[in-house]
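The structure under discussion appears below in the form of structure tokens.
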Amino acid sequence: MDKVNNSVVSEFVFLGLSNSWEIQLLLFFFSSVFYVASLMGNLLIVLAVTSDSHLQTPMYFLLANLSIIDLIFCSSTAPKMIYDLLRKHKVISFGGCLVQIFFIHAIGGTEMVLLIAMAFDRYVAICKPLHYLTIMNPRRCILFLITSWIIGLIHSVTQLAFVIDLPFCGPNELDSFFCDLPRFIKLACTDTYKLGFMVTTNSGFISVFGFLILMISYIFILVTVQKKSSGSISKALSTLSAHVTVVVLFFGPLIFFYIWPFPISHLDKFLGIFDAVITPSLNPVIYTFRNKEMKGAIKRLCTQFMNYSKF
């Protein structure tokens, strides 16, 4: 950390999303709406799962923790981005930039593993329903959760370990609205080609590997269901459609960031906004839209709140 503190560069300047004041105001409005929707939607899921006895199952336990992760993830970048949309000079301290990178990769890695755990939960529920509660017991659910956080933290710390001692003595402008590793590394006053390739490959490999595991698992579930009963395939598709949608929305931007060899600034920024504020706000809608139990729990929660507010 001494080298970091002795770095000439003490802050980084974000070039932001647009130079147009009108576009920035429009982005401020929509980003604020989606951020508030994300906070309220995910918080509502957490409250519904923890307060409703009908939702005390492994699936909803994992879903509630996914909502907690989404709350942390969107809060790691969105508030700073929304605040900066009203500022002409958009800056972040050196330490603040490192903290932002840490949370982005830690939460991102944790969510990847948790999505895999949720896919395993759906596999057991659909393909081995009689053994579901035995296999997905509380101990295993807690183990999934702890493992996801440990892997996420290890991934983030490993990424930072390679870049924390880089010297920064000149350029400090990031063509983005948040601190991301590829652009951060390019500002170092040394040859970072190999380091950048390694960091990008690491995150890209994890994203692609996680995405492929999930897609293969969903295909395997559908094939297994079709072999057992062709009439159950539509029910399985209905159950998995929400999970597949969330997986595509989460992994799509990440794979583009780290795998696509020709970065496009405007598209990167759009996908960055999508990943930071839109996807976390869509997850509650996706998981509750076709889930009768969740919709019922939210209605009961709202009814209880209305009754309490009368007194």
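If you're wondering about the labels, chains in the structure tokens are A, B, ... by order shown, residues count from 1 in each chain, ligands from 1 in order shown.
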Find the nearest atom pair between each residue of segment 35-77 of chain A and segment 90-106 of chain A for residues within 10 Å, count only C-alpha atoms, give distances in Å to one decimal, sort rows by chain and ascending number, and present the table as JSON lines.
{"residue": "A:Ile72", "atom": "CA", "partner": "A:Phe103", "partner_atom": "CA", "distance": 8.4}
{"residue": "A:Phe73", "atom": "CA", "partner": "A:Ile104", "partner_atom": "CA", "distance": 6.6}
{"residue": "A:Cys74", "atom": "CA", "partner": "A:Ile104", "partner_atom": "CA", "distance": 9.1}
{"residue": "A:Ser75", "atom": "CA", "partner": "A:Phe103", "partner_atom": "CA", "distance": 9.7}
{"residue": "A:Ser76", "atom": "CA", "partner": "A:Gln100", "partner_atom": "CA", "distance": 6.3}
{"residue": "A:Thr77", "atom": "CA", "partner": "A:Gln100", "partner_atom": "CA", "distance": 7.2}
For atom CA of Gly210 of chain A and atom CA of Ile255 of chain A, the interatomic separation in Å (one decimal):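 Between these atoms lies a distance of 10.4 Å.
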Please identify all polymer residues within 12 Å of Phe274 of chain A, counting only C-alpha atoms, omitting same-chain residues fewer than 3 positions from it, and present them as a ChimeraX atom specification. /A:27,30-31,34-35,74,77-78,249-254,267-271,277-282
Give me the residues near segment 42-44 of chain A as a ChimeraX atom specification, where near means some atom within 12 Å (using only C-alpha atoms) and where sequence neighbours in that chain fewer than 2 positions away do not count. /A:34-40,46-52,63-74,279-288,294-295,297-302,305
Among segment 88-301 of chain A, which residues carry a DSSP assignment of alpha helix (DSSP H), reported as number ranges by chain? A: 94-127, 132-135, 138-163, 181-186, 193-228, 233-259, 265-273, 279-289, 292-301
What's the 7 Å shell around Phe14 of chain A, counting only C-alpha atoms, without same-chain residues fewer than 3 positions away, as a short mmCIF file (atom, residue, chain, number, x, y, z; two decimals) with N, CA, C and O atoms, in the first residue's frame?
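Wrote selection.cif, looks like this:
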data_model
loop_
_atom_site.label_atom_id
_atom_site.label_comp_id
_atom_site.auth_asym_id
_atom_site.auth_seq_id
_atom_site.Cartn_x
_atom_site.Cartn_y
_atom_site.Cartn_z
N LYS A 90 -15.95 15.32 -12.88
CA LYS A 90 -16.27 14.02 -12.28
C LYS A 90 -14.98 13.33 -11.85
O LYS A 90 -14.20 12.88 -12.69
N VAL A 91 -14.75 13.25 -10.55
CA VAL A 91 -13.50 12.68 -10.05
C VAL A 91 -13.78 11.62 -9.00
O VAL A 91 -14.84 11.60 -8.39
N GLU A 173 -7.30 10.11 -16.77
CA GLU A 173 -8.67 10.19 -17.29
C GLU A 173 -9.17 8.80 -17.67
O GLU A 173 -8.52 8.07 -18.43
N LEU A 174 -10.32 8.44 -17.14
CA LEU A 174 -10.98 7.16 -17.45
C LEU A 174 -12.21 7.44 -18.31
O LEU A 174 -13.11 8.17 -17.89
N ASP A 175 -12.22 6.86 -19.51
CA ASP A 175 -13.36 7.07 -20.41
C ASP A 175 -14.50 6.15 -19.99
O ASP A 175 -14.87 5.21 -20.69
N SER A 176 -15.03 6.43 -18.82
CA SER A 176 -16.09 5.61 -18.25
C SER A 176 -16.78 6.42 -17.16
O SER A 176 -16.46 7.60 -16.95
N PHE A 177 -17.72 5.78 -16.44
CA PHE A 177 -18.36 6.44 -15.31
C PHE A 177 -18.09 5.68 -14.02
O PHE A 177 -18.61 6.01 -12.96
#
Find the spatial neighbours of Ile221 of chain A, counting only C-alpha atoms, within a cut-off of 9 Å - ignore same-chain residues fewer than 6 positions away - and output them as an MDAnalysis selection string. chainID A and resid 122:123 126:127 236
In Å, how far is it from atom CA of Phe184 of chain A to atom CA of Ile82 of chain A?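 Going from atom CA of Phe184 of chain A over to atom CA of Ile82 of chain A covers 20.7 Å.
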